[in-house]
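Visitor: Structure file my_file.tsv, TSV, C-alpha atoms, is pasted below:
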chain	number	residue	atom	x	y	z
A	1	MET	CA	-25.22	11.01	17.66
A	2	GLU	CA	-26.04	14.59	18.61
A	3	ILE	CA	-23.53	17.40	19.05
A	4	THR	CA	-22.45	17.45	22.72
A	5	LYS	CA	-20.57	20.78	22.70
A	6	GLU	CA	-22.20	24.18	22.68
A	7	THR	CA	-21.35	24.84	19.05
A	8	SER	CA	-19.71	22.97	16.21
A	9	ASN	CA	-16.88	25.55	16.38
A	10	ASP	CA	-15.66	23.89	19.60
A	11	MET	CA	-14.98	20.54	17.97
A	12	THR	CA	-11.56	19.30	16.90
A	13	ILE	CA	-11.48	16.72	14.11
A	14	ALA	CA	-8.55	14.66	12.90
A	15	ILE	CA	-8.49	13.33	9.35
A	16	ASP	CA	-6.43	10.37	8.19
A	17	CYS	CA	-3.84	11.66	5.71
A	18	ARG	CA	-1.61	8.59	5.85
A	19	PRO	CA	-2.71	7.60	2.31
A	20	LEU	CA	-0.85	10.69	1.04
A	21	GLN	CA	2.36	9.03	2.24
A	22	ASP	CA	1.60	5.72	0.51
A	23	CYS	CA	-0.27	6.31	-2.74
A	24	SER	CA	-0.17	8.34	-5.91
A	25	LEU	CA	-1.04	11.93	-5.06
A	26	GLY	CA	-2.83	12.64	-8.31
A	27	ARG	CA	-5.51	9.93	-8.28
A	28	GLY	CA	-7.89	8.07	-5.99
A	29	ILE	CA	-7.87	8.79	-2.27
A	30	GLY	CA	-4.80	10.98	-2.70
A	31	SER	CA	-6.64	13.34	-5.04
A	32	TYR	CA	-9.70	13.29	-2.77
A	33	LEU	CA	-7.66	14.33	0.27
A	34	ILE	CA	-5.66	17.04	-1.51
A	35	ASN	CA	-8.75	18.72	-2.92
A	36	LEU	CA	-10.71	18.38	0.32
A	37	LEU	CA	-7.91	20.01	2.34
A	38	GLU	CA	-7.44	22.82	-0.19
A	39	ASN	CA	-11.14	23.71	0.08
A	40	TRP	CA	-11.64	23.13	3.82
A	41	PRO	CA	-13.55	26.10	5.31
A	42	GLU	CA	-12.38	25.82	8.96
A	43	PRO	CA	-8.62	24.97	9.13
A	44	ASP	CA	-8.44	25.61	12.90
A	45	GLN	CA	-10.82	22.70	13.54
A	46	LEU	CA	-9.05	20.08	11.42
A	47	ARG	CA	-5.85	18.17	12.21
A	48	PRO	CA	-4.34	16.12	9.34
A	49	VAL	CA	-2.70	12.97	10.74
A	50	PHE	CA	0.52	11.59	9.23
A	51	ILE	CA	2.96	8.83	10.19
A	52	GLU	CA	6.04	10.15	11.97
A	53	GLY	CA	9.28	9.43	10.13
A	54	LYS	CA	7.74	9.00	6.67
A	55	PRO	CA	7.99	11.78	4.05
A	56	ILE	CA	5.10	14.24	4.08
A	57	PRO	CA	4.24	15.66	0.65
A	58	ASP	CA	4.96	19.35	0.17
A	59	LEU	CA	1.44	20.51	-0.64
A	60	PRO	CA	0.23	24.14	-0.47
A	61	GLY	CA	-3.07	23.02	1.05
A	62	LEU	CA	-1.34	21.56	4.12
A	63	LYS	CA	0.27	24.83	5.16
A	64	ARG	CA	-3.03	26.07	6.66
A	65	PHE	CA	-3.22	23.22	9.17
A	66	LYS	CA	-1.54	22.04	12.35
A	67	LEU	CA	-0.33	18.54	11.55
A	68	LEU	CA	-0.33	15.58	13.95
A	69	LEU	CA	2.51	13.06	13.62
A	70	TYR	CA	1.72	9.58	14.89
A	71	LYS	CA	4.39	7.00	15.76
A	72	PRO	CA	2.78	3.56	15.33
A	73	THR	CA	3.33	0.83	17.89
A	74	LEU	CA	5.08	-2.32	16.76
A	75	LYS	CA	2.69	-4.38	18.91
A	76	VAL	CA	-0.06	-5.26	16.44
A	77	TRP	CA	-2.54	-6.18	19.18
A	78	GLN	CA	-2.24	-2.67	20.68
A	79	ILE	CA	-2.67	-0.61	17.49
A	80	SER	CA	-6.27	0.43	18.24
A	81	LYS	CA	-5.59	1.32	21.88
A	82	ASN	CA	-2.34	3.13	21.04
A	83	PHE	CA	-3.86	5.20	18.24
A	84	SER	CA	-6.92	6.06	20.33
A	85	HIS	CA	-4.65	7.28	23.17
A	86	PHE	CA	-2.67	9.43	20.71
A	87	LEU	CA	-5.83	11.09	19.40
A	88	LYS	CA	-7.32	11.72	22.85
A	89	LYS	CA	-4.01	13.16	24.09
A	90	ASN	CA	-4.20	15.70	21.26
A	91	GLY	CA	-7.76	16.73	22.14
A	92	ILE	CA	-9.47	15.06	19.17
A	93	ASP	CA	-13.25	14.75	19.40
A	94	LEU	CA	-13.75	12.83	16.14
A	95	PHE	CA	-11.43	10.90	13.84
A	96	HIS	CA	-12.21	10.52	10.15
A	97	PHE	CA	-10.84	7.67	8.04
A	98	SER	CA	-10.47	9.10	4.54
A	99	GLY	CA	-10.95	5.68	2.94
A	100	GLN	CA	-12.58	2.37	3.79
A	101	TYR	CA	-9.27	0.48	3.88
A	102	ASN	CA	-7.30	-0.09	7.10
A	103	VAL	CA	-10.10	1.15	9.35
A	104	THR	CA	-9.28	0.40	13.00
A	105	PRO	CA	-11.99	0.42	15.71
A	106	LEU	CA	-11.19	3.26	18.12
A	107	ASP	CA	-12.11	4.27	21.68
A	108	LEU	CA	-13.51	7.58	20.44
A	109	PRO	CA	-16.08	8.45	17.77
A	110	TYR	CA	-14.91	7.86	14.22
A	111	THR	CA	-16.39	8.21	10.75
A	112	VAL	CA	-15.40	6.82	7.36
A	113	THR	CA	-15.50	7.96	3.74
A	114	VAL	CA	-16.44	4.93	1.62
A	115	HIS	CA	-15.32	5.30	-1.99
A	116	ASP	CA	-16.58	1.86	-2.98
A	117	ILE	CA	-16.97	-1.65	-1.61
A	118	MET	CA	-16.36	-3.37	-4.91
A	119	TYR	CA	-14.70	-6.36	-3.25
A	120	PHE	CA	-18.03	-7.85	-2.17
A	121	PRO	CA	-20.05	-7.83	-5.42
A	122	LEU	CA	-16.99	-8.80	-7.47
A	123	ARG	CA	-16.13	-11.71	-5.17
A	124	LYS	CA	-19.73	-12.92	-5.29
A	125	LEU	CA	-19.58	-12.85	-9.09
A	126	GLU	CA	-16.32	-14.83	-9.04
A	127	ILE	CA	-17.96	-17.44	-6.79
A	128	GLU	CA	-20.85	-17.80	-9.26
A	129	GLN	CA	-18.45	-18.20	-12.18
A	130	ALA	CA	-15.97	-20.55	-10.47
A	131	THR	CA	-15.49	-23.86	-12.28
A	132	SER	CA	-13.62	-25.59	-9.44
A	133	PHE	CA	-15.32	-26.74	-6.23
A	134	TRP	CA	-12.21	-25.94	-4.18
A	135	LYS	CA	-11.82	-22.48	-5.70
A	136	ARG	CA	-15.48	-21.77	-5.00
A	137	LEU	CA	-15.06	-22.95	-1.40
A	138	GLN	CA	-11.91	-20.87	-0.95
A	139	TRP	CA	-13.63	-17.72	-2.22
A	140	LYS	CA	-16.72	-18.35	-0.09
A	141	LEU	CA	-14.56	-18.58	3.03
A	142	ASP	CA	-12.67	-15.48	1.96
A	143	LEU	CA	-15.95	-13.59	1.41
A	144	TRP	CA	-17.28	-14.75	4.81
A	145	TRP	CA	-14.12	-13.55	6.55
A	146	MET	CA	-14.03	-10.18	4.79
A	147	THR	CA	-17.74	-9.59	5.46
A	148	ARG	CA	-17.23	-10.39	9.14
A	149	ARG	CA	-14.19	-8.12	9.29
A	150	GLY	CA	-15.94	-5.31	7.41
A	151	LYS	CA	-18.95	-5.37	9.71
A	152	LYS	CA	-16.68	-5.28	12.77
A	153	GLU	CA	-14.46	-2.43	11.59
A	154	LEU	CA	-17.05	-0.30	9.82
A	155	GLY	CA	-19.97	-1.26	12.05
A	156	GLN	CA	-18.58	0.68	15.02
A	157	ALA	CA	-18.30	3.95	13.08
A	158	VAL	CA	-20.77	6.65	14.12
A	159	GLY	CA	-21.38	7.69	10.52
A	160	PHE	CA	-20.35	7.24	6.92
A	161	ILE	CA	-19.81	9.41	3.89
A	162	ALA	CA	-20.54	7.62	0.60
A	163	VAL	CA	-19.35	9.21	-2.64
A	164	SER	CA	-22.52	8.15	-4.46
A	165	GLN	CA	-26.03	6.92	-3.75
A	166	TYR	CA	-25.02	3.62	-5.35
A	167	THR	CA	-22.19	3.19	-2.82
A	168	LYS	CA	-24.57	4.08	-0.01
A	169	ASP	CA	-26.98	1.37	-1.18
A	170	ASP	CA	-24.08	-1.09	-1.48
A	171	LEU	CA	-23.17	-0.50	2.18
A	172	LEU	CA	-26.65	-1.62	3.17
A	173	LYS	CA	-26.73	-4.52	0.72
A	174	HIS	CA	-23.36	-6.08	1.52
A	175	LEU	CA	-22.53	-4.95	5.07
A	176	ASN	CA	-25.99	-4.14	6.45
A	177	ILE	CA	-25.06	-0.52	7.24
A	178	PRO	CA	-28.40	1.32	7.77
A	179	LEU	CA	-29.17	3.99	5.19
A	180	ASP	CA	-29.69	6.64	7.88
A	181	HIS	CA	-26.08	6.17	9.04
A	182	THR	CA	-24.73	7.24	5.65
A	183	THR	CA	-24.59	10.66	3.99
A	184	VAL	CA	-23.89	11.04	0.28
A	185	VAL	CA	-21.21	13.65	-0.46
A	186	TYR	CA	-20.20	13.66	-4.11
A	187	ASN	CA	-16.59	14.09	-5.17
A	188	GLY	CA	-15.62	17.30	-6.89
A	189	ILE	CA	-13.56	17.89	-10.00
A	190	ASP	CA	-9.92	18.90	-9.87
A	191	THR	CA	-9.64	22.55	-10.94
A	192	ASP	CA	-6.81	21.64	-13.35
A	193	PHE	CA	-9.47	20.14	-15.60
A	194	ILE	CA	-11.67	23.24	-15.42
A	195	THR	CA	-9.09	26.00	-15.85
A	196	THR	CA	-7.10	24.35	-18.65
A	197	THR	CA	-6.71	25.94	-22.08
A	198	ARG	CA	-6.26	24.31	-25.47
A	199	SER	CA	-2.98	26.08	-26.24
A	200	THR	CA	-0.73	23.22	-25.12
A	201	THR	CA	-2.59	20.26	-26.62
A	202	SER	CA	-0.87	20.27	-30.02
A	203	THR	CA	2.60	19.92	-28.51
A	204	VAL	CA	1.41	17.04	-26.33
A	205	LEU	CA	-0.03	15.20	-29.34
A	206	GLU	CA	3.28	15.64	-31.16
A	207	LYS	CA	5.10	14.34	-28.08
A	208	TYR	CA	3.16	11.05	-28.17
A	209	HIS	CA	2.80	10.91	-31.98
A	210	PHE	CA	-1.00	10.89	-31.87
A	211	PRO	CA	-3.32	11.60	-34.82
A	212	LYS	CA	-5.96	14.31	-34.63
A	213	ARG	CA	-8.74	11.79	-33.97
A	214	TYR	CA	-8.57	9.10	-31.29
A	215	ILE	CA	-10.70	7.39	-28.64
A	216	LEU	CA	-9.40	7.65	-25.08
A	217	THR	CA	-9.88	5.79	-21.82
A	218	VAL	CA	-8.15	6.05	-18.43
A	219	ALA	CA	-8.13	2.78	-16.48
A	220	PRO	CA	-5.84	0.09	-15.02
A	221	PHE	CA	-6.05	-3.49	-16.31
A	222	GLU	CA	-8.42	-4.63	-13.56
A	223	SER	CA	-11.23	-7.00	-14.55
A	224	ARG	CA	-13.90	-4.54	-13.39
A	225	LYS	CA	-12.59	-1.94	-15.85
A	226	ASN	CA	-13.79	-4.08	-18.79
A	227	LEU	CA	-10.90	-3.08	-21.04
A	228	GLY	CA	-11.20	-6.30	-23.05
A	229	ASN	CA	-14.70	-5.43	-24.25
A	230	MET	CA	-13.75	-1.81	-24.88
A	231	ILE	CA	-10.79	-2.90	-27.03
A	232	LYS	CA	-12.93	-5.33	-29.03
A	233	ALA	CA	-15.58	-2.65	-29.56
A	234	CYS	CA	-13.00	-0.18	-30.89
A	235	LEU	CA	-11.43	-2.78	-33.19
A	236	ALA	CA	-14.89	-3.53	-34.64
A	237	LEU	CA	-15.25	0.06	-35.90
A	238	GLN	CA	-15.05	0.54	-39.66
A	239	GLU	CA	-13.03	3.70	-39.18
A	240	ASP	CA	-9.33	3.13	-38.55
A	241	ILE	CA	-9.19	5.22	-35.37
A	242	PRO	CA	-6.75	4.40	-32.54
A	243	PHE	CA	-7.84	3.55	-29.01
A	244	ILE	CA	-5.51	5.16	-26.45
A	245	ILE	CA	-5.40	3.55	-23.00
A	246	VAL	CA	-3.83	5.58	-20.20
A	247	THR	CA	-3.06	2.93	-17.60
A	248	LYS	CA	-0.67	1.67	-14.92
A	249	ASP	CA	2.04	-0.95	-15.07
A	250	HIS	CA	0.06	-3.14	-12.67
A	251	PRO	CA	-1.89	-5.30	-12.75
A	252	ALA	CA	-0.68	-6.84	-16.01
A	253	PRO	CA	-3.25	-7.24	-18.80
A	254	SER	CA	-4.77	-10.67	-19.35
A	255	LEU	CA	-3.32	-12.98	-22.00
A	256	GLU	CA	-6.32	-12.25	-24.25
A	257	ILE	CA	-5.79	-8.48	-24.03
A	258	GLN	CA	-2.03	-8.84	-24.55
A	259	THR	CA	-2.75	-10.77	-27.75
A	260	LEU	CA	-5.19	-8.12	-29.02
A	261	ILE	CA	-2.63	-5.37	-28.39
A	262	LYS	CA	0.19	-7.28	-30.12
A	263	GLN	CA	-2.01	-8.01	-33.15
A	264	ASN	CA	-3.15	-4.37	-33.45
A	265	PRO	CA	-0.21	-2.14	-32.47
A	266	LYS	CA	-1.46	0.83	-34.50
A	267	ARG	CA	-5.03	0.60	-33.26
A	268	ILE	CA	-4.37	-0.04	-29.57
A	269	ARG	CA	-1.81	2.09	-27.73
A	270	LEU	CA	-0.83	2.14	-24.07
A	271	ILE	CA	0.57	5.09	-22.12
A	272	MET	CA	1.89	4.86	-18.55
A	273	ASP	CA	3.33	7.28	-16.01
A	274	LEU	CA	1.61	10.32	-17.47
A	275	SER	CA	1.91	13.75	-15.86
A	276	LYS	CA	-1.32	15.51	-14.93
A	277	GLU	CA	-0.65	18.27	-17.47
A	278	ASP	CA	-0.28	15.75	-20.29
A	279	LEU	CA	-3.31	13.79	-19.08
A	280	VAL	CA	-5.51	16.88	-19.15
A	281	ALA	CA	-4.31	17.63	-22.70
A	282	LEU	CA	-5.05	14.08	-23.90
A	283	TYR	CA	-8.54	14.26	-22.39
A	284	GLN	CA	-9.08	17.58	-24.09
A	285	LYS	CA	-8.02	16.54	-27.57
A	286	ALA	CA	-9.76	13.12	-27.59
A	287	THR	CA	-12.56	12.65	-30.08
A	288	ILE	CA	-14.47	10.44	-27.61
A	289	PHE	CA	-13.86	9.40	-24.03
A	290	LEU	CA	-14.92	5.77	-23.53
A	291	PHE	CA	-15.51	4.52	-19.98
A	292	ALA	CA	-17.68	1.41	-20.31
A	293	THR	CA	-16.56	-0.17	-17.03
A	294	ASN	CA	-18.38	-2.81	-14.99
A	295	TYR	CA	-18.12	-1.31	-11.51
A	296	GLU	CA	-17.42	2.16	-10.12
A	297	GLY	CA	-18.02	3.66	-6.70
A	298	PHE	CA	-18.12	7.10	-8.33
A	299	GLY	CA	-16.49	7.39	-11.77
A	300	LEU	CA	-14.35	10.53	-11.69
A	301	PRO	CA	-12.89	10.12	-15.24
A	302	VAL	CA	-16.37	10.74	-16.64
A	303	LEU	CA	-16.42	14.22	-15.08
A	304	GLU	CA	-12.81	14.90	-16.06
A	305	ALA	CA	-13.62	14.31	-19.72
A	306	MET	CA	-16.78	16.42	-19.56
A	307	ALA	CA	-14.89	19.28	-17.88
A	308	VAL	CA	-12.56	19.71	-20.87
A	309	GLY	CA	-15.32	19.44	-23.47
A	310	THR	CA	-14.95	15.82	-24.63
A	311	PRO	CA	-18.10	13.75	-25.30
A	312	VAL	CA	-18.45	10.64	-23.14
A	313	ILE	CA	-19.71	7.09	-23.54
A	314	THR	CA	-20.11	5.24	-20.24
A	315	SER	CA	-22.00	2.36	-18.65
A	316	THR	CA	-25.55	1.78	-17.52
A	317	THR	CA	-24.17	0.07	-14.40
A	318	THR	CA	-23.38	1.00	-10.77
A	319	SER	CA	-22.77	4.71	-10.02
A	320	LEU	CA	-22.07	5.81	-13.60
A	321	PRO	CA	-25.61	6.85	-14.66
A	322	GLU	CA	-25.84	8.79	-11.39
A	323	VAL	CA	-22.67	10.75	-12.18
A	324	ALA	CA	-23.18	11.16	-15.94
A	325	GLY	CA	-26.87	12.11	-15.86
A	326	ASP	CA	-28.12	12.83	-19.38
A	327	ALA	CA	-24.74	14.25	-20.46
A	328	ALA	CA	-23.33	10.97	-21.85
A	329	LEU	CA	-24.32	8.01	-24.01
A	330	LEU	CA	-24.99	5.01	-21.75
A	331	VAL	CA	-24.29	1.44	-22.90
A	332	ASP	CA	-24.41	-2.06	-21.46
A	333	PRO	CA	-20.70	-2.79	-20.76
A	334	SER	CA	-21.20	-6.51	-21.44
A	335	ASP	CA	-22.56	-5.83	-24.95
A	336	THR	CA	-19.58	-5.21	-27.24
A	337	GLY	CA	-21.87	-4.55	-30.20
A	338	ALA	CA	-23.71	-1.83	-28.27
A	339	ILE	CA	-20.41	-0.12	-27.42
A	340	THR	CA	-19.31	-0.24	-31.07
A	341	SER	CA	-22.67	1.15	-32.19
A	342	ALA	CA	-22.47	4.05	-29.70
A	343	LEU	CA	-18.92	4.84	-30.84
A	344	SER	CA	-19.92	4.77	-34.49
A	345	THR	CA	-22.91	7.04	-33.87
A	346	LEU	CA	-20.91	9.58	-31.91
A	347	LEU	CA	-18.09	9.63	-34.46
A	348	SER	CA	-20.49	10.47	-37.29
A	349	ASP	CA	-23.16	12.62	-35.61
A	350	GLU	CA	-21.78	16.13	-35.09
A	351	VAL	CA	-25.08	17.43	-33.70
A	352	LEU	CA	-25.08	14.74	-30.99
A	353	ARG	CA	-21.42	15.45	-30.19
A	354	THR	CA	-22.13	19.16	-29.76
A	355	SER	CA	-25.14	18.41	-27.56
A	356	LEU	CA	-23.21	16.05	-25.27
A	357	ILE	CA	-20.31	18.47	-24.94
A	358	LYS	CA	-22.69	21.25	-23.89
A	359	LYS	CA	-24.54	19.03	-21.42
A	360	GLY	CA	-21.24	17.73	-20.04
A	361	LEU	CA	-19.91	21.21	-19.31
A	362	GLU	CA	-23.17	22.01	-17.51
A	363	ARG	CA	-23.11	18.71	-15.61
A	364	VAL	CA	-19.63	19.33	-14.21
A	365	ASN	CA	-20.86	22.51	-12.51
A	366	GLU	CA	-22.91	20.34	-10.13
A	367	PHE	CA	-19.74	18.82	-8.63
A	368	SER	CA	-17.13	20.81	-6.69
A	369	TYR	CA	-14.73	20.15	-3.85
A	370	GLN	CA	-15.76	23.41	-2.20
A	371	LYS	CA	-19.27	22.01	-1.93
A	372	ALA	CA	-17.90	18.62	-0.84
A	373	ALA	CA	-15.78	20.22	1.91
A	374	GLU	CA	-18.71	22.24	3.25
A	375	GLU	CA	-20.99	19.19	3.26
A	376	THR	CA	-18.28	17.12	4.96
A	377	LEU	CA	-17.90	19.72	7.74
A	378	THR	CA	-21.67	19.69	8.27
A	379	PHE	CA	-21.52	15.88	8.41
A	380	PHE	CA	-18.80	16.02	11.08
A	381	SER	CA	-20.78	18.48	13.22
A	382	ARG	CA	-23.67	15.99	13.32
A	383	HIS	CA	-21.48	13.16	14.64
A	384	ILE	CA	-19.55	14.64	17.54
The structure in this file should be written as structure tokens.
Guide:
Amino acid sequence: MEITKETSNDMTIAIDCRPLQDCSLGRGIGSYLINLLENWPEPDQLRPVFIEGKPIPDLPGLKRFKLLLYKPTLKVWQISKNFSHFLKKNGIDLFHFSGQYNVTPLDLPYTVTVHDIMYFPLRKLEIEQATSFWKRLQWKLDLWWMTRRGKKELGQAVGFIAVSQYTKDDLLKHLNIPLDHTTVVYNGIDTDFITTTRSTTSTVLEKYHFPKRYILTVAPFESRKNLGNMIKACLALQEDIPFIIVTKDHPAPSLEIQTLIKQNPKRIRLIMDLSKEDLVALYQKATIFLFATNYEGFGLPVLEAMAVGTPVITSTTTSLPEVAGDAALLVDPSDTGAITSALSTLLSDEVLRTSLIKKGLERVNEFSYQKAAEETLTFFSRHI
């Protein structure tokens, strides 16, 4: 759609900040929103929307904006109409859903940031691997319903932001969203990873009783994160070097992974509920950052490791080669031997380590939330 007002300065945009009231502020959509708001170039044009009556996080970046507080209707069948009326009453020209979840068709133009649509390829894979006829049928019906729902909710949007070219292509492949409806705007890197110093790392290592050399990953125990293969690859190394997994307390690891951890308590260590300061320090001091996952819509941990000068091994799949460029070793995540070989090479080859660290620091400079915010504002101006 073309701009209908005289200039883009006349438009008023509302952005969905409800995820900041529901999710962890430091990761995922929460981190995306915080950094986007902190770098937004035109605060008078943007209205962050929150749920009335729920706590609003005390964030410095919010102080520049006039907030809108929405009181949801209890009548489920009137949610779309009620929310549309609220936005129109407040003079909103365009509403932006900051994530692809809980999108509601509205009676005014709306856009969506799509971080990934991993449900569709992963469900299709589960259908292929199902051993039970009834399980296969159940998942096929589930996939049909979610595809139908996704096309209805996302299909009415006037435009999409995808955080990678891979995610943009996935929108076409799985939901038939035309490529010309989607603009790629890459995520940035949190400045805490760029401005950090090495002065605090030693105390953090003492706090967690870590040795000087360790392999690090940051991932929950979801099947797409491929932690089972990463653990096996690390255990196959000749060097007795621990594999540190920074994770969440849900979902629980599979029985196979639980067994591997119990059998190798010194080689495999889990850390949960980590502060950002400690996380940055663990990234910084790691010998290698391993992120051989199966599916990512973007792959922010790859950039976080590069930003603090840690060499990276990641996957040849999905968006990861797009994000890593030539600044990381790429491996097939399904090939445990290939992961072990890459780890062994990087542990022993100091020249390669130095080269990847240098390339990683240069690569990170291509991603910033200031750039993302400016490109997002330009995207909005095209869809009023």
Visitor: Give me the residues near Ile245 in chain A as a list in words, where near means some atom within 7 Å (using all atoms listed in the file) and where sequence neighbours in that chain fewer than 2 positions away do not count.
Guide: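 Answer for this query is Leu216, Thr217, Val218, Phe243, Thr247, Arg269, Leu270 and Ile271 of chain A.
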Visitor: What does the file look like for those residues with C-alpha atoms, as a PDB file, keeping the file's coordinate frame?
Guide:
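Final file, selection-v3.pdb:
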ATOM      1  CA  LEU A 216      -9.400   7.650 -25.080  1.00  0.00           C
ATOM      2  CA  THR A 217      -9.880   5.790 -21.820  1.00  0.00           C
ATOM      3  CA  VAL A 218      -8.150   6.050 -18.430  1.00  0.00           C
ATOM      4  CA  PHE A 243      -7.840   3.550 -29.010  1.00  0.00           C
ATOM      5  CA  THR A 247      -3.060   2.930 -17.600  1.00  0.00           C
ATOM      6  CA  ARG A 269      -1.810   2.090 -27.730  1.00  0.00           C
ATOM      7  CA  LEU A 270      -0.830   2.140 -24.070  1.00  0.00           C
ATOM      8  CA  ILE A 271       0.570   5.090 -22.120  1.00  0.00           C
TER       9      ILE A 271
END
Visitor: Using Å and a single decimal, report how far CA of Ala236 in chain A sits from CA of Gly337 in chain A.
Guide: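 Distance reported for this atom pair: 8.3 Å.
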Visitor: Could you please determine the separation between CA of Val158 in chain A and CA of His383 in chain A in Å, to one decimal place?
Guide: 6.6 Å
Visitor: Pick out the closest residue to Gln238 in chain A from this set: A:Ala252, A:Glu126, A:Ser341, A:Asp22. Count all atoms listed in the file.
Guide: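 Of A:Ala252, A:Glu126, A:Ser341, A:Asp22, the one nearest Gln238 in chain A, counting all atoms listed in the file, is A:Ser341.
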Visitor: Would you work out the distance separating CA of Ile357 in chain A from CA of Pro311 in chain A, expressed in Å to one decimal?
Guide: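 Computing it gives 5.2 Å between the two atoms.
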